[in-house]
Amino acid sequence: MSKVLVTGGTGYIGSHTVVELQASGYEVIIADDLSNSKKEVLQGIEKISGILPTFYEIDICNKPAVEALFDQHQIDAIVHFAASKAVGESVEKPLLYYKNNLISLVNLLEIAHGRNASLVFSSSCTVYGEPDKLPVTERSPIKPAISPYGNTKQIGEEIIRDVVEATQIQAISLRYFNPIGAHDSVAIGEYPQGVPNNLVPYLMQVAAGEREQLSVFGDDYSTPDGTCIRDYIHVVDLAKAHVIAVDRLLQSKNDKPYEVFNLGTGKGYSVLELIKTFEQVTGVKLNYAIVDRRAGDIEKVYADTTFANDVLGWKAGKELDEMLLSSWKWQQSLG
Ligand code: UDP
């Protein structure tokens, strides 16, 4: 049984990936400092898979602690989610983001180098900035980052590329579009801390009566209804792509040391389309108001998924209505 270390494994995408890895027969070890997640997520994972993953409460920036973990386990692959991810906070505290997101990556690469472990890296469509051409392919130009958070993803990818070039390490970077939804069992899902920054968690809290009104950030963009367009993807579809990435890295016949894949559905929806779809599928009327644009927002971005479809044999299955129902079911379960 191959062993996979999932850093950030109690987080939103991490926990869903742990479940899918377990279902595919991997033994999963989680390392998470619980800075943005709860230990109870481990019980949620166990509820779904019947397996309580081995858990280490450690910060990946603490290299001796990570080395000690590797001394106890023969790790074949690392899926590295652990990172700070709030765009606004990264503007206020850039050094915190460079430290958390880059030192952790360098630590893992140094340790992986000595021990023949492969790496799957959580990247983001933020690297494309405001694209000149849509949909974006993996070869679309990388734009100067708008936030320190986005910059850590770009620099992270560059670090991996250089290290793969110079060593035996194999790696895959996955550029996520906008993950939403939760596991169908509602044993795991997203727990936003404080006021949600992202559209769907905020919308769900308004729909549940926990918040007054959803602010729609701008309706004067050059899109059909004036609101921004994104590629929303179900978190379980996203999680499954990680399993395929790990499978691929561990197959000795894979002769590509470093690859990058877009993970989206390939379909773009505007904020107003998403709200309308939510209202239609749930029958819940949403209180929202159009307000000013949010600084730094991208007007429209959605993925060309051909490369992931063809090379990984992976395709996102869930449509927007199912995804929103999934988020709503999760929100209601928090009740
Ligand atoms: N958005 C919004 N109100 C909110 C949060 C987000 O109108 O309370 C919009 C935002 O301007 C963007 C889209 O929803 O057009 C997705 O935003 P999110 O923060 O979820 O993802 P990202 O901007 O990182 O793609």
# chains A, B, ... in the order shown; residues from 1 in each chain; ligands from 1
call {"tool": "residues_near_ligand", "arguments": {"ligand": "ligand 1", "cutoff": "9 Å", "atoms": "only C-alpha atoms and all ligand atoms", "output": "ChimeraX atom specification"}}
result
/A:87,125-126,177-180,196-203,214-218,227-232,270-272,290-291,293-301
call {"tool": "residues_around", "arguments": {"residues": "Ile48 of chain A", "least_positions_apart": "4", "cutoff": "8 Å", "atoms": "only C-alpha atoms", "output": "PyMOL selection string"}}
result
chain A and resi 19+44+185+187
call {"tool": "residues_around", "arguments": {"residues": "segment 155-166 of chain A", "least_positions_apart": "4", "cutoff": "7 Å", "atoms": "only C-alpha atoms", "output": "short mmCIF file (atom, residue, chain, number, x, y, z; two decimals) with all heavy atoms, in the first residue's frame"}}
result
data_model
loop_
_atom_site.label_atom_id
_atom_site.label_comp_id
_atom_site.auth_asym_id
_atom_site.auth_seq_id
_atom_site.Cartn_x
_atom_site.Cartn_y
_atom_site.Cartn_z
N LEU A 102 5.89 29.57 1.08
CA LEU A 102 7.11 29.21 0.34
C LEU A 102 8.10 28.42 1.19
O LEU A 102 8.69 27.46 0.70
CB LEU A 102 7.77 30.46 -0.24
CG LEU A 102 6.88 31.17 -1.28
CD1 LEU A 102 7.57 32.41 -1.82
CD2 LEU A 102 6.48 30.23 -2.42
N ASN A 151 1.05 35.54 -5.86
CA ASN A 151 2.48 35.45 -6.15
C ASN A 151 3.09 34.20 -5.55
O ASN A 151 3.98 33.59 -6.14
CB ASN A 151 3.18 36.71 -5.63
CG ASN A 151 4.39 37.07 -6.45
OD1 ASN A 151 4.53 36.63 -7.60
ND2 ASN A 151 5.28 37.86 -5.88
N GLN A 170 9.68 14.10 -9.06
CA GLN A 170 8.63 14.29 -10.05
C GLN A 170 7.49 15.07 -9.39
O GLN A 170 7.20 14.86 -8.20
CB GLN A 170 8.09 12.95 -10.52
CG GLN A 170 9.16 12.13 -11.27
CD GLN A 170 8.54 11.12 -12.21
OE1 GLN A 170 7.47 10.59 -11.93
NE2 GLN A 170 9.20 10.85 -13.30
N SER A 173 1.62 20.18 -10.76
CA SER A 173 0.89 21.31 -10.18
C SER A 173 -0.51 21.32 -10.74
O SER A 173 -0.71 21.15 -11.95
CB SER A 173 1.57 22.64 -10.52
OG SER A 173 2.77 22.77 -9.80
N PRO A 257 8.74 14.58 -15.92
CA PRO A 257 9.03 14.90 -14.52
C PRO A 257 8.14 15.99 -13.93
O PRO A 257 7.87 15.98 -12.73
CB PRO A 257 10.49 15.35 -14.55
CG PRO A 257 10.84 15.55 -15.97
CD PRO A 257 9.85 14.87 -16.83
N TYR A 258 7.67 16.94 -14.77
CA TYR A 258 6.84 18.00 -14.20
C TYR A 258 5.72 18.35 -15.18
O TYR A 258 5.97 18.61 -16.35
CB TYR A 258 7.67 19.26 -13.92
CG TYR A 258 6.87 20.39 -13.32
CD1 TYR A 258 6.05 20.17 -12.21
CD2 TYR A 258 6.90 21.67 -13.87
CE1 TYR A 258 5.31 21.21 -11.66
CE2 TYR A 258 6.15 22.71 -13.32
CZ TYR A 258 5.36 22.47 -12.21
OH TYR A 258 4.61 23.47 -11.67
#
call {"tool": "residues_around", "arguments": {"residues": "segment 238-244 of chain A", "least_positions_apart": "3", "cutoff": "8 Å", "atoms": "only C-alpha atoms", "output": "list in words"}}
result
Ile13, Gly14, His16, Thr17, Glu20, Leu21, Ser24, Val79, Val120, Tyr176, Pro179, Ile233, His234, Val235, Asp247, Arg248, Leu263, Gly264, Leu312, Trp314 and Ala316 of chain A
call {"tool": "closest_residue", "arguments": {"among": "A:Gln332, A:Ser49, A:Val106, A:Thr277", "to": "Val66 of chain A", "atoms": "only C-alpha atoms"}}
result
A:Val106
call {"tool": "atom_distance", "arguments": {"atom1": "atom CA of Gly181 of chain A", "atom2": "atom CA of Thr282 of chain A"}}
result
14.1 Å
call {"tool": "select_by_dssp", "arguments": {"residues": "segment 40-235 of chain A", "states": "helix (DSSP H, G or I)", "output": "ChimeraX atom specification"}}
result
/A:41-49,63-72,87-92,94-115,125-128,148-166,199-207,235
call {"tool": "residues_around", "arguments": {"residues": "Val311 of chain A", "least_positions_apart": "3", "cutoff": "12 Å", "atoms": "only C-alpha atoms", "output": "list in words"}}
result
Ala241, Ile244, Ala245, Arg248, Asn254, Lys256, Glu259, Val260, Phe261, Asn262, Thr305, Thr306, Phe307, Ala308, Trp314 and Lys315 of chain A
call {"tool": "write_last_selection", "arguments": {"atoms": "N, CA and C atoms", "output": "CSV table (one decimal), in the first residue's frame"}}
result
chain,number,residue,atom,x,y,z
A,241,ALA,N,-9.3,14.3,-9.0
A,241,ALA,CA,-8.1,14.6,-9.9
A,241,ALA,C,-6.8,14.5,-9.2
A,244,ILE,N,-5.8,10.8,-9.3
A,244,ILE,CA,-5.2,10.5,-10.6
A,244,ILE,C,-3.8,11.0,-10.7
A,245,ALA,N,-3.6,12.2,-10.2
A,245,ALA,CA,-2.2,12.8,-10.3
A,245,ALA,C,-1.2,12.0,-9.5
A,248,ARG,N,-0.5,8.8,-11.3
A,248,ARG,CA,0.4,9.1,-12.4
A,248,ARG,C,1.9,9.2,-12.0
A,254,ASN,N,5.6,6.9,-16.2
A,254,ASN,CA,5.4,8.3,-16.5
A,254,ASN,C,6.8,9.0,-16.7
A,256,LYS,N,7.3,12.1,-17.7
A,256,LYS,CA,7.3,13.6,-17.7
A,256,LYS,C,7.6,14.0,-16.2
A,259,GLU,N,4.5,18.4,-14.7
A,259,GLU,CA,3.3,18.7,-15.5
A,259,GLU,C,2.4,19.6,-14.7
A,260,VAL,N,1.7,20.4,-15.5
A,260,VAL,CA,0.7,21.4,-14.9
A,260,VAL,C,-0.6,21.1,-15.5
A,261,PHE,N,-1.7,21.1,-14.7
A,261,PHE,CA,-3.0,20.9,-15.3
A,261,PHE,C,-4.0,21.9,-14.7
A,262,ASN,N,-4.9,22.4,-15.6
A,262,ASN,CA,-6.1,23.1,-15.2
A,262,ASN,C,-7.1,22.2,-14.6
A,305,THR,N,-10.1,22.6,-20.4
A,305,THR,CA,-9.8,21.4,-19.6
A,305,THR,C,-9.3,20.3,-20.5
A,306,THR,N,-9.0,20.6,-21.7
A,306,THR,CA,-8.6,19.5,-22.7
A,306,THR,C,-7.4,18.7,-22.2
A,307,PHE,N,-6.4,19.4,-21.7
A,307,PHE,CA,-5.2,18.7,-21.3
A,307,PHE,C,-5.5,17.7,-20.2
A,308,ALA,N,-6.2,18.2,-19.1
A,308,ALA,CA,-6.5,17.3,-18.0
A,308,ALA,C,-7.4,16.1,-18.5
A,314,TRP,N,-9.5,12.6,-16.9
A,314,TRP,CA,-10.3,13.1,-15.8
A,314,TRP,C,-11.2,14.2,-16.4
A,315,LYS,N,-12.5,14.2,-15.9
A,315,LYS,CA,-13.4,15.3,-16.3
A,315,LYS,C,-14.3,15.6,-15.1
call {"tool": "residues_around", "arguments": {"residues": "Ala207 of chain A", "least_positions_apart": "3", "cutoff": "10 Å", "atoms": "only C-alpha atoms", "output": "ChimeraX atom specification"}}
result
/A:201-204,210-214,278-279,282,284-288,328,331-332
call {"tool": "closest_residue", "arguments": {"among": "A:Glu110, A:Glu40, A:Asp32, A:Asp184", "to": "Ser333 of chain A", "atoms": "only C-alpha atoms"}}
result
A:Asp184
call {"tool": "closest_atom_pairs", "arguments": {"of": "segment 223-309 of chain A", "to": "segment 132-136 of chain A", "cutoff": "7 Å", "atoms": "only C-alpha atoms", "output": "Markdown table"}}
result
| residue | atom | partner | partner_atom | distance |
| --- | --- | --- | --- | --- |
| A:Val301 | CA | A:Leu134 | CA | 6.9 |
| A:Tyr302 | CA | A:Pro135 | CA | 5.3 |
| A:Ala303 | CA | A:Pro135 | CA | 5.0 |
| A:Asp304 | CA | A:Pro135 | CA | 5.0 |
call {"tool": "select_by_dssp", "arguments": {"residues": "segment 151-280 of chain A", "states": "strand (DSSP E)", "output": "count of residues only"}}
result
26
call {"tool": "decode", "arguments": {"residues": "segment 94-240 of chain A", "atoms": "C-alpha atoms", "output": "JSON list (two decimals), in the first residue's frame"}}
result
[["chain", "number", "residue", "atom", "x", "y", "z"],
["A", 94, "PRO", "CA", 2.76, 39.71, 2.70],
["A", 95, "LEU", "CA", 5.63, 38.31, 4.74],
["A", 96, "LEU", "CA", 3.32, 35.92, 6.54],
["A", 97, "TYR", "CA", 2.22, 34.57, 3.14],
["A", 98, "TYR", "CA", 5.72, 34.32, 1.68],
["A", 99, "LYS", "CA", 6.87, 32.56, 4.84],
["A", 100, "ASN", "CA", 3.96, 30.14, 5.22],
["A", 101, "ASN", "CA", 3.54, 29.27, 1.58],
["A", 102, "LEU", "CA", 7.11, 29.21, 0.34],
["A", 103, "ILE", "CA", 9.19, 27.99, 3.29],
["A", 104, "SER", "CA", 6.82, 25.04, 3.67],
["A", 105, "LEU", "CA", 7.25, 24.18, 0.00],
["A", 106, "VAL", "CA", 11.04, 24.45, 0.13],
["A", 107, "ASN", "CA", 11.09, 22.24, 3.25],
["A", 108, "LEU", "CA", 9.00, 19.58, 1.54],
["A", 109, "LEU", "CA", 11.11, 19.64, -1.61],
["A", 110, "GLU", "CA", 14.33, 19.32, 0.38],
["A", 111, "ILE", "CA", 12.94, 16.40, 2.31],
["A", 112, "ALA", "CA", 11.37, 14.79, -0.79],
["A", 113, "HIS", "CA", 14.68, 15.08, -2.61],
["A", 114, "GLY", "CA", 16.49, 12.93, -0.09],
["A", 115, "ARG", "CA", 13.71, 10.34, 0.07],
["A", 116, "ASN", "CA", 12.40, 9.84, -3.43],
["A", 117, "ALA", "CA", 8.90, 11.19, -2.79],
["A", 118, "SER", "CA", 6.79, 12.81, -5.54],
["A", 119, "LEU", "CA", 4.81, 16.00, -5.12],
["A", 120, "VAL", "CA", 1.34, 17.27, -6.07],
["A", 121, "PHE", "CA", 1.11, 21.02, -5.58],
["A", 122, "SER", "CA", -2.07, 23.08, -5.05],
["A", 123, "SER", "CA", -1.89, 25.93, -7.49],
["A", 124, "SER", "CA", -4.57, 28.27, -8.73],
["A", 125, "CYS", "CA", -6.02, 29.87, -11.82],
["A", 126, "THR", "CA", -4.97, 33.12, -10.15],
["A", 127, "VAL", "CA", -1.67, 32.67, -12.05],
["A", 128, "TYR", "CA", -3.47, 33.65, -15.29],
["A", 129, "GLY", "CA", -4.53, 37.05, -13.88],
["A", 130, "GLU", "CA", -6.92, 38.77, -16.30],
["A", 131, "PRO", "CA", -6.54, 36.53, -19.35],
["A", 132, "ASP", "CA", -6.32, 37.99, -22.86],
["A", 133, "LYS", "CA", -7.91, 34.90, -24.36],
["A", 134, "LEU", "CA", -10.54, 32.52, -23.01],
["A", 135, "PRO", "CA", -10.72, 29.73, -22.11],
["A", 136, "VAL", "CA", -7.27, 29.60, -20.54],
["A", 137, "THR", "CA", -5.00, 26.69, -21.38],
["A", 138, "GLU", "CA", -1.97, 25.62, -19.39],
["A", 139, "ARG", "CA", 0.08, 27.50, -21.96],
["A", 140, "SER", "CA", -1.75, 30.80, -21.49],
["A", 141, "PRO", "CA", 0.61, 33.51, -20.26],
["A", 142, "ILE", "CA", 1.26, 33.82, -16.54],
["A", 143, "LYS", "CA", 0.44, 37.39, -15.51],
["A", 144, "PRO", "CA", 2.14, 39.49, -12.82],
["A", 145, "ALA", "CA", 0.40, 38.56, -9.58],
["A", 146, "ILE", "CA", -2.17, 40.95, -8.17],
["A", 147, "SER", "CA", -1.70, 39.77, -4.56],
["A", 148, "PRO", "CA", 1.08, 38.24, -2.47],
["A", 149, "TYR", "CA", -1.13, 35.13, -2.21],
["A", 150, "GLY", "CA", -1.23, 34.80, -6.01],
["A", 151, "ASN", "CA", 2.48, 35.45, -6.15],
["A", 152, "THR", "CA", 3.18, 32.57, -3.76],
["A", 153, "LYS", "CA", 1.39, 30.24, -6.21],
["A", 154, "GLN", "CA", 3.41, 31.54, -9.17],
["A", 155, "ILE", "CA", 6.70, 31.42, -7.29],
["A", 156, "GLY", "CA", 5.76, 28.00, -5.90],
["A", 157, "GLU", "CA", 5.29, 26.64, -9.41],
["A", 158, "GLU", "CA", 8.62, 28.16, -10.50],
["A", 159, "ILE", "CA", 10.45, 26.67, -7.52],
["A", 160, "ILE", "CA", 9.04, 23.24, -8.32],
["A", 161, "ARG", "CA", 9.93, 23.52, -12.00],
["A", 162, "ASP", "CA", 13.54, 24.40, -11.18],
["A", 163, "VAL", "CA", 13.89, 21.70, -8.53],
["A", 164, "VAL", "CA", 12.42, 19.02, -10.81],
["A", 165, "GLU", "CA", 14.89, 20.08, -13.50],
["A", 166, "ALA", "CA", 17.82, 19.65, -11.15],
["A", 167, "THR", "CA", 16.79, 16.52, -9.22],
["A", 168, "GLN", "CA", 14.97, 13.20, -9.54],
["A", 169, "ILE", "CA", 11.79, 14.62, -7.98],
["A", 170, "GLN", "CA", 8.63, 14.29, -10.05],
["A", 171, "ALA", "CA", 5.81, 16.77, -9.54],
["A", 172, "ILE", "CA", 2.42, 17.88, -10.78],
["A", 173, "SER", "CA", 0.89, 21.31, -10.18],
["A", 174, "LEU", "CA", -2.88, 21.53, -10.27],
["A", 175, "ARG", "CA", -4.40, 24.92, -11.03],
["A", 176, "TYR", "CA", -7.78, 25.04, -9.35],
["A", 177, "PHE", "CA", -10.60, 27.21, -10.58],
["A", 178, "ASN", "CA", -13.39, 27.90, -8.02],
["A", 179, "PRO", "CA", -14.16, 24.87, -5.82],
["A", 180, "ILE", "CA", -17.61, 24.70, -4.19],
["A", 181, "GLY", "CA", -19.91, 22.02, -2.76],
["A", 182, "ALA", "CA", -19.27, 19.32, -0.18],
["A", 183, "HIS", "CA", -19.13, 15.56, 0.19],
["A", 184, "ASP", "CA", -22.55, 14.04, -0.41],
["A", 185, "SER", "CA", -22.55, 12.50, 3.09],
["A", 186, "VAL", "CA", -22.15, 16.01, 4.56],
["A", 187, "ALA", "CA", -19.64, 14.48, 6.96],
["A", 188, "ILE", "CA", -17.06, 16.93, 5.60],
["A", 189, "GLY", "CA", -17.33, 20.31, 3.84],
["A", 190, "GLU", "CA", -16.04, 23.85, 4.05],
["A", 191, "TYR", "CA", -15.92, 25.70, 7.38],
["A", 192, "PRO", "CA", -15.29, 29.35, 6.55],
["A", 193, "GLN", "CA", -13.70, 31.15, 9.50],
["A", 194, "GLY", "CA", -15.25, 34.51, 10.29],
["A", 195, "VAL", "CA", -16.86, 36.41, 7.43],
["A", 196, "PRO", "CA", -16.52, 34.34, 4.24],
["A", 197, "ASN", "CA", -14.51, 35.98, 1.45],
["A", 198, "ASN", "CA", -15.76, 33.67, -1.27],
["A", 199, "LEU", "CA", -19.04, 34.01, -3.08],
["A", 200, "VAL", "CA", -20.68, 30.65, -2.42],
["A", 201, "PRO", "CA", -20.00, 30.36, 1.33],
["A", 202, "TYR", "CA", -21.25, 33.94, 1.78],
["A", 203, "LEU", "CA", -24.33, 33.28, -0.35],
["A", 204, "MET", "CA", -25.14, 30.14, 1.67],
["A", 205, "GLN", "CA", -24.98, 32.06, 4.95],
["A", 206, "VAL", "CA", -27.32, 34.72, 3.57],
["A", 207, "ALA", "CA", -29.72, 32.04, 2.33],
["A", 208, "ALA", "CA", -29.61, 30.38, 5.75],
["A", 209, "GLY", "CA", -30.51, 33.68, 7.44],
["A", 210, "GLU", "CA", -27.14, 34.02, 9.16],
["A", 211, "ARG", "CA", -26.26, 37.14, 7.20],
["A", 212, "GLU", "CA", -28.44, 39.95, 5.99],
["A", 213, "GLN", "CA", -27.53, 40.43, 2.37],
["A", 214, "LEU", "CA", -25.11, 39.28, -0.30],
["A", 215, "SER", "CA", -23.14, 42.09, -1.93],
["A", 216, "VAL", "CA", -22.61, 41.51, -5.63],
["A", 217, "PHE", "CA", -19.31, 43.20, -6.39],
["A", 218, "GLY", "CA", -19.97, 45.22, -9.53],
["A", 219, "ASP", "CA", -22.37, 44.87, -12.48],
["A", 220, "ASP", "CA", -20.50, 47.09, -14.91],
["A", 221, "TYR", "CA", -17.98, 44.55, -16.18],
["A", 222, "SER", "CA", -17.87, 43.76, -19.84],
["A", 223, "THR", "CA", -19.80, 40.49, -19.52],
["A", 224, "PRO", "CA", -23.36, 39.75, -20.73],
["A", 225, "ASP", "CA", -25.01, 40.74, -17.42],
["A", 226, "GLY", "CA", -22.17, 42.94, -16.15],
["A", 227, "THR", "CA", -21.09, 40.62, -13.30],
["A", 228, "CYS", "CA", -17.85, 38.61, -13.14],
["A", 229, "ILE", "CA", -17.55, 35.16, -14.65],
["A", 230, "ARG", "CA", -15.87, 32.17, -12.96],
["A", 231, "ASP", "CA", -15.48, 28.43, -13.50],
["A", 232, "TYR", "CA", -17.04, 26.72, -10.46],
["A", 233, "ILE", "CA", -16.02, 23.11, -9.85],
["A", 234, "HIS", "CA", -17.34, 20.56, -7.35],
["A", 235, "VAL", "CA", -14.79, 19.82, -4.62],
["A", 236, "VAL", "CA", -15.21, 16.03, -5.01],
["A", 237, "ASP", "CA", -14.46, 16.28, -8.74],
["A", 238, "LEU", "CA", -11.40, 18.28, -7.79],
["A", 239, "ALA", "CA", -10.38, 15.76, -5.12],
["A", 240, "LYS", "CA", -10.59, 12.88, -7.61]]
